[in-house]
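Novice: Sharing upload_9.tsv here; it has TSV, C-alpha atoms.
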chain	number	residue	atom	x	y	z
F	10	MET	CA	106.71	11.13	131.95
F	11	SER	CA	107.49	10.59	135.65
F	12	MET	CA	105.46	9.50	138.64
F	13	HIS	CA	104.15	12.17	140.99
F	14	PRO	CA	105.31	11.65	144.61
F	15	GLN	CA	101.71	10.85	145.66
F	16	GLY	CA	101.22	8.28	142.94
F	17	GLY	CA	99.90	10.40	140.08
F	18	VAL	CA	101.57	10.93	136.75
F	19	ALA	CA	103.43	14.18	136.26
F	20	ASN	CA	104.14	15.30	132.71
F	21	VAL	CA	107.56	16.88	132.99
F	22	ASP	CA	107.85	17.10	129.20
F	23	ARG	CA	104.78	19.26	128.73
F	24	ARG	CA	105.36	22.06	126.22
F	25	ILE	CA	104.92	25.72	127.06
F	26	ASN	CA	101.61	27.46	126.41
F	27	VAL	CA	100.97	31.18	125.99
F	28	GLY	CA	98.28	33.64	127.03
F	29	ILE	CA	97.90	36.94	125.17
F	30	ASP	CA	95.72	39.85	126.24
F	31	VAL	CA	95.05	42.11	123.25
F	32	ALA	CA	94.27	45.83	123.25
F	33	LYS	CA	94.03	48.29	120.37
F	34	GLN	CA	97.62	49.56	120.47
F	35	HIS	CA	99.43	46.72	122.24
F	36	PHE	CA	99.16	43.20	123.61
F	37	ASP	CA	100.57	41.53	126.72
F	38	VAL	CA	102.19	38.11	126.39
F	39	SER	CA	102.49	35.64	129.26
F	40	LEU	CA	104.98	32.98	128.20
F	41	ASP	CA	106.03	30.56	130.94
F	42	THR	CA	107.06	32.90	133.80
F	43	SER	CA	107.89	35.92	131.64
F	44	MET	CA	105.70	38.88	130.65
F	45	ARG	CA	106.16	41.08	127.59
F	46	ARG	CA	104.20	43.99	126.15
F	47	LEU	CA	104.43	44.39	122.38
F	48	GLY	CA	102.88	46.73	119.86
F	49	ASN	CA	99.76	45.43	118.15
F	50	ASP	CA	101.28	45.82	114.70
F	51	THR	CA	103.26	43.78	112.19
F	52	ALA	CA	106.52	44.24	114.11
F	53	GLY	CA	104.89	43.10	117.36
F	54	HIS	CA	103.30	40.11	115.63
F	55	ASP	CA	106.65	39.07	114.16
F	56	GLU	CA	108.31	39.38	117.56
F	57	VAL	CA	105.77	37.25	119.41
F	58	ILE	CA	105.96	34.62	116.66
F	59	ALA	CA	109.75	34.52	117.06
F	60	MET	CA	109.32	34.16	120.84
F	61	CYS	CA	106.86	31.31	120.41
F	62	ARG	CA	109.11	29.49	117.96
F	63	GLN	CA	112.12	29.79	120.23
F	64	ALA	CA	110.11	28.44	123.17
F	65	ASP	CA	108.51	25.67	121.07
F	66	VAL	CA	105.06	26.84	122.16
F	67	ASP	CA	102.22	24.33	121.97
F	68	LEU	CA	99.03	26.39	122.35
F	69	VAL	CA	98.17	30.10	122.33
F	70	VAL	CA	95.02	31.39	124.03
F	71	LEU	CA	93.79	34.94	123.60
F	72	GLU	CA	90.57	36.76	124.28
F	73	ALA	CA	88.33	38.19	121.58
F	74	SER	CA	88.79	41.94	121.78
F	75	GLY	CA	86.44	43.67	119.39
F	76	GLY	CA	88.45	42.63	116.36
F	77	TYR	CA	91.76	44.03	117.62
F	78	GLU	CA	93.00	40.45	117.90
F	79	ARG	CA	92.08	39.43	114.35
F	80	ALA	CA	95.38	40.24	112.62
F	81	LEU	CA	97.39	38.63	115.43
F	82	VAL	CA	95.33	35.43	115.26
F	83	LEU	CA	95.86	35.24	111.51
F	84	ALA	CA	99.61	35.84	111.85
F	85	LEU	CA	99.98	33.13	114.51
F	86	GLN	CA	97.95	30.64	112.49
F	87	GLU	CA	99.95	31.35	109.34
F	88	ALA	CA	103.09	30.70	111.39
F	89	GLY	CA	101.73	27.25	112.25
F	90	PHE	CA	100.58	27.74	115.85
F	91	SER	CA	97.37	26.36	117.34
F	92	VAL	CA	95.28	29.29	118.55
F	93	VAL	CA	92.21	29.37	120.79
F	94	ARG	CA	90.17	32.57	120.77
F	95	ILE	CA	87.81	32.70	123.75
F	96	ASN	CA	85.13	35.24	124.55
F	97	PRO	CA	85.43	37.65	127.52
F	98	ARG	CA	82.82	35.80	129.56
F	99	GLN	CA	84.79	32.55	129.33
F	100	ALA	CA	87.93	34.38	130.42
F	101	ARG	CA	86.20	36.02	133.39
F	102	ASP	CA	84.55	32.76	134.49
F	103	PHE	CA	87.88	30.94	134.38
F	104	ALA	CA	89.59	33.78	136.28
F	105	LYS	CA	86.94	33.63	139.02
F	106	SER	CA	87.31	29.85	139.25
F	107	MET	CA	91.02	30.44	139.86
F	108	GLY	CA	90.28	33.06	142.53
F	109	VAL	CA	91.55	35.94	140.39
F	110	LEU	CA	89.37	39.02	140.83
F	111	ALA	CA	91.74	41.82	139.80
F	112	LYS	CA	91.38	43.28	136.30
F	113	THR	CA	94.69	44.25	134.73
F	114	ASP	CA	96.23	43.41	131.37
F	115	GLN	CA	99.07	41.40	132.92
F	116	VAL	CA	96.72	39.45	135.18
F	117	ASP	CA	94.52	38.73	132.16
F	118	ALA	CA	97.50	37.47	130.16
F	119	ARG	CA	98.52	35.15	133.01
F	120	VAL	CA	94.96	33.88	133.38
F	121	LEU	CA	94.81	33.19	129.65
F	122	ARG	CA	98.13	31.32	129.92
F	123	ASP	CA	96.67	29.19	132.72
F	124	PHE	CA	93.59	28.60	130.58
F	125	ALA	CA	95.92	27.50	127.76
F	126	ASN	CA	97.59	25.01	130.13
F	127	VAL	CA	94.18	23.49	130.85
F	128	LEU	CA	93.02	23.36	127.24
F	129	ALA	CA	96.35	21.96	126.00
F	130	VAL	CA	95.68	18.66	127.79
F	131	HIS	CA	91.87	18.69	127.51
F	132	PRO	CA	90.44	15.51	125.92
F	133	ASP	CA	88.40	17.68	123.51
F	134	ARG	CA	91.24	20.09	122.82
F	135	ALA	CA	90.64	20.07	119.07
F	136	ALA	CA	87.11	21.39	119.54
F	137	TYR	CA	88.45	24.60	121.06
F	138	ILE	CA	91.02	25.38	118.37
F	139	THR	CA	90.04	28.38	116.25
F	140	ALA	CA	89.84	27.29	112.63
F	141	PRO	CA	92.23	29.18	110.36
F	142	GLN	CA	90.54	31.86	108.29
F	143	GLU	CA	91.48	32.18	104.64
F	144	PRO	CA	93.37	35.44	104.00
F	145	GLN	CA	90.74	36.38	101.40
F	146	ARG	CA	87.94	36.03	103.95
F	147	ALA	CA	89.95	37.91	106.57
F	148	GLU	CA	90.41	40.80	104.13
F	149	LEU	CA	86.71	40.78	103.28
F	150	ALA	CA	85.82	40.83	106.99
F	151	ALA	CA	88.14	43.81	107.49
F	152	LEU	CA	86.49	45.68	104.59
F	153	VAL	CA	83.02	44.97	105.96
F	154	ALA	CA	84.08	46.12	109.44
F	155	ARG	CA	85.57	49.31	108.00
F	156	ARG	CA	82.37	50.08	106.11
F	157	ARG	CA	80.37	49.64	109.30
F	158	GLN	CA	82.69	52.04	111.12
F	159	LEU	CA	82.35	54.66	108.39
F	160	VAL	CA	78.57	54.34	108.35
F	161	ASP	CA	78.45	54.73	112.14
F	162	MET	CA	80.58	57.88	111.88
F	163	ARG	CA	78.31	59.25	109.16
F	164	VAL	CA	75.20	58.65	111.28
F	165	ALA	CA	76.85	60.47	114.20
F	166	GLU	CA	77.78	63.46	112.00
F	167	ALA	CA	74.31	63.57	110.45
F	168	ASN	CA	72.80	63.69	113.94
F	169	ARG	CA	75.13	66.57	114.84
F	170	LEU	CA	74.04	68.40	111.70
F	171	GLN	CA	70.43	68.23	112.84
F	172	GLN	CA	71.37	69.62	116.26
F	173	THR	CA	73.31	72.72	115.19
F	174	THR	CA	72.43	75.94	113.37
F	175	LEU	CA	75.81	77.67	113.63
F	176	PRO	CA	76.88	78.27	109.98
F	177	LYS	CA	80.57	77.41	110.55
F	178	ALA	CA	79.67	74.22	112.37
F	179	VAL	CA	77.21	73.30	109.62
F	180	ARG	CA	79.87	73.77	106.94
F	181	SER	CA	82.37	71.69	108.91
F	182	ILE	CA	79.93	68.84	109.39
F	183	GLN	CA	78.91	68.91	105.73
F	184	GLN	CA	82.56	68.66	104.70
F	185	VAL	CA	83.04	65.65	106.98
F	186	LEU	CA	79.89	64.04	105.57
F	187	ARG	CA	81.16	64.45	102.01
F	188	LEU	CA	84.51	62.94	103.02
F	189	LEU	CA	82.78	59.99	104.69
F	190	ASP	CA	80.60	59.46	101.62
F	191	ARG	CA	83.72	59.28	99.44
F	192	GLN	CA	85.37	56.86	101.87
F	193	ILE	CA	82.29	54.62	101.88
F	194	GLU	CA	82.27	54.63	98.08
F	195	MET	CA	85.96	53.65	98.03
F	196	VAL	CA	85.40	50.79	100.49
F	197	ASP	CA	82.38	49.61	98.47
F	198	LYS	CA	84.50	49.57	95.31
F	199	ASP	CA	87.34	47.71	97.04
F	200	THR	CA	84.80	45.21	98.37
F	201	ASP	CA	83.22	44.74	94.93
F	202	ASP	CA	86.63	44.13	93.37
F	203	HIS	CA	87.58	41.71	96.14
F	204	LEU	CA	84.34	39.75	95.75
F	205	ASP	CA	84.77	39.53	91.98
F	206	ARG	CA	88.35	38.26	92.38
F	207	HIS	CA	87.78	35.71	95.13
F	208	PHE	CA	84.06	35.00	95.62
F	209	LYS	CA	82.47	35.50	92.21
F	210	GLN	CA	80.53	32.24	92.26
F	211	GLN	CA	79.09	32.86	95.74
F	212	ARG	CA	78.28	36.45	94.84
F	213	THR	CA	76.42	35.41	91.69
F	214	LEU	CA	74.40	32.93	93.72
F	215	LEU	CA	73.52	35.50	96.39
F	216	ASP	CA	72.65	38.15	93.79
F	217	SER	CA	70.05	35.76	92.40
F	218	VAL	CA	68.15	35.77	95.70
F	219	LYS	CA	65.32	38.31	95.85
F	220	GLY	CA	65.90	41.03	98.45
F	221	VAL	CA	69.64	40.43	98.74
F	222	GLY	CA	71.58	43.54	97.78
F	223	PRO	CA	75.24	44.59	97.56
F	224	VAL	CA	75.67	45.33	101.28
F	225	THR	CA	74.38	41.88	102.27
Do you think you could lay out the structure here as structure tokens?
Specialist:
Amino acid sequence: MSMHPQGGVANVDRRINVGIDVAKQHFDVSLDTSMRRLGNDTAGHDEVIAMCRQADVDLVVLEASGGYERALVLALQEAGFSVVRINPRQARDFAKSMGVLAKTDQVDARVLRDFANVLAVHPDRAAYITAPQEPQRAELAALVARRRQLVDMRVAEANRLQQTTLPKAVRSIQQVLRLLDRQIEMVDKDTDDHLDRHFKQQRTLLDSVKGVGPVT
């Protein structure tokens, strides 16, 4: 600690915080004054973790991005970092309060870094930290999300089938529907196996409730 020239206290020993803006294929990292774009995959996750360890990072803030951030959050938490996942409205409100109106990935990453600097010294900091998710629950959430995606694709194909009479188009759509049905069955089986291995007691309890079926 050292005294600020005007009498306040300046924390010269404050640790570095990080802002990460996540997209489907990549994410932008704002660490101190540097910016990096990494692939949103295992290699990219390992690289940002190495960067954070080398810099002795205190807090990581990223924006919820339709689930694209989920694996990165889990990887950072498993590596021992405190992570705050905020929603897009919170990010935009903070950006506006800082006078930032532009919308680019790099600007967003810097804004999230600035948000991290604020939260890192906030009296209620602990309340903002995203609780670590058990790997088993993260895998279950991924299976449920995948099932929802497959069902949405099947609904879209079924709607197309109702709107076309061209024989070749009909055959193509029917083939896709059969493929999607098989994929949904596979995901359902994987989910059943996962529930039996990790959540058998909870599943038995839920199955005993009238009106609660496998999908629920």
Novice: Find the spatial neighbours of F:Val27, counting only C-alpha atoms, within a cut-off of 8 Å - ignore same-chain residues fewer than 4 positions away - and output them as a VMD selection string.
Specialist: chain F and resid 38 to 41 66 68 to 70 121 to 122 125
Novice: Name the residues in contact with stretch 86-95 of chain F at a cut-off of 10 Å, using all atoms listed in the file, excluding same-chain residues fewer than 5 positions from it; report them as a PyMOL selection string.
Specialist: chain F and resi 27-29+55+58-59+61-62+65-74+78-81+100+121+124-125+128-129+134-144
Novice: Can you tell me how far atom CA of F:Lys33 sits from atom CA of F:Tyr77, in Å to one decimal?
Specialist: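 According to the coordinates, atom CA of F:Lys33 and atom CA of F:Tyr77 are separated by 5.6 Å.
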Novice: Quote the spacing between atom CA of F:Gln210 and atom CA of F:Gln145 in Å to one decimal place.
Specialist: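 Calculated distance between atom CA of F:Gln210 and atom CA of F:Gln145 is 14.3 Å.
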Novice: Out of F:Ala154, F:Met60, F:Ala118, F:Val109, which residue has the shortest atom-to-atom distance to F:Phe36 when counting only C-alpha atoms?
Specialist: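 Counting only C-alpha atoms, the residue closest to F:Phe36 is F:Ala118.
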Novice: Please check which residues have atoms at most 9 Å from (104.6, 42.3, 126.1) in the file's coordinates, counting all atoms listed in the file, and write them as a PyMOL selection string.
Specialist: chain F and resi 29+35-39+44-48+53+57+115
Novice: Quick one, how far is atom CA of F:Val120 from atom CA of F:Glu56?
Specialist: 21.4 Å
Novice: Around (78.8, 53.5, 107.6) in the file's own coordinates, what residues are found within 12 Å if you use all atoms listed in the file, given back as a list in words?
Specialist: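 Counting all atoms listed in the file, I find these residues within 12 Å of (78.8, 53.5, 107.6): Leu152, Val153, Ala154, Arg155, Arg156, Arg157, Gln158, Leu159, Val160, Asp161, Met162, Arg163, Val164, Ala165, Glu166, Ala167, Leu186, Leu188, Leu189, Asp190, Arg191, Gln192, Ile193, Glu194, Met195, Val196, Asp197 and Val224 of chain F.
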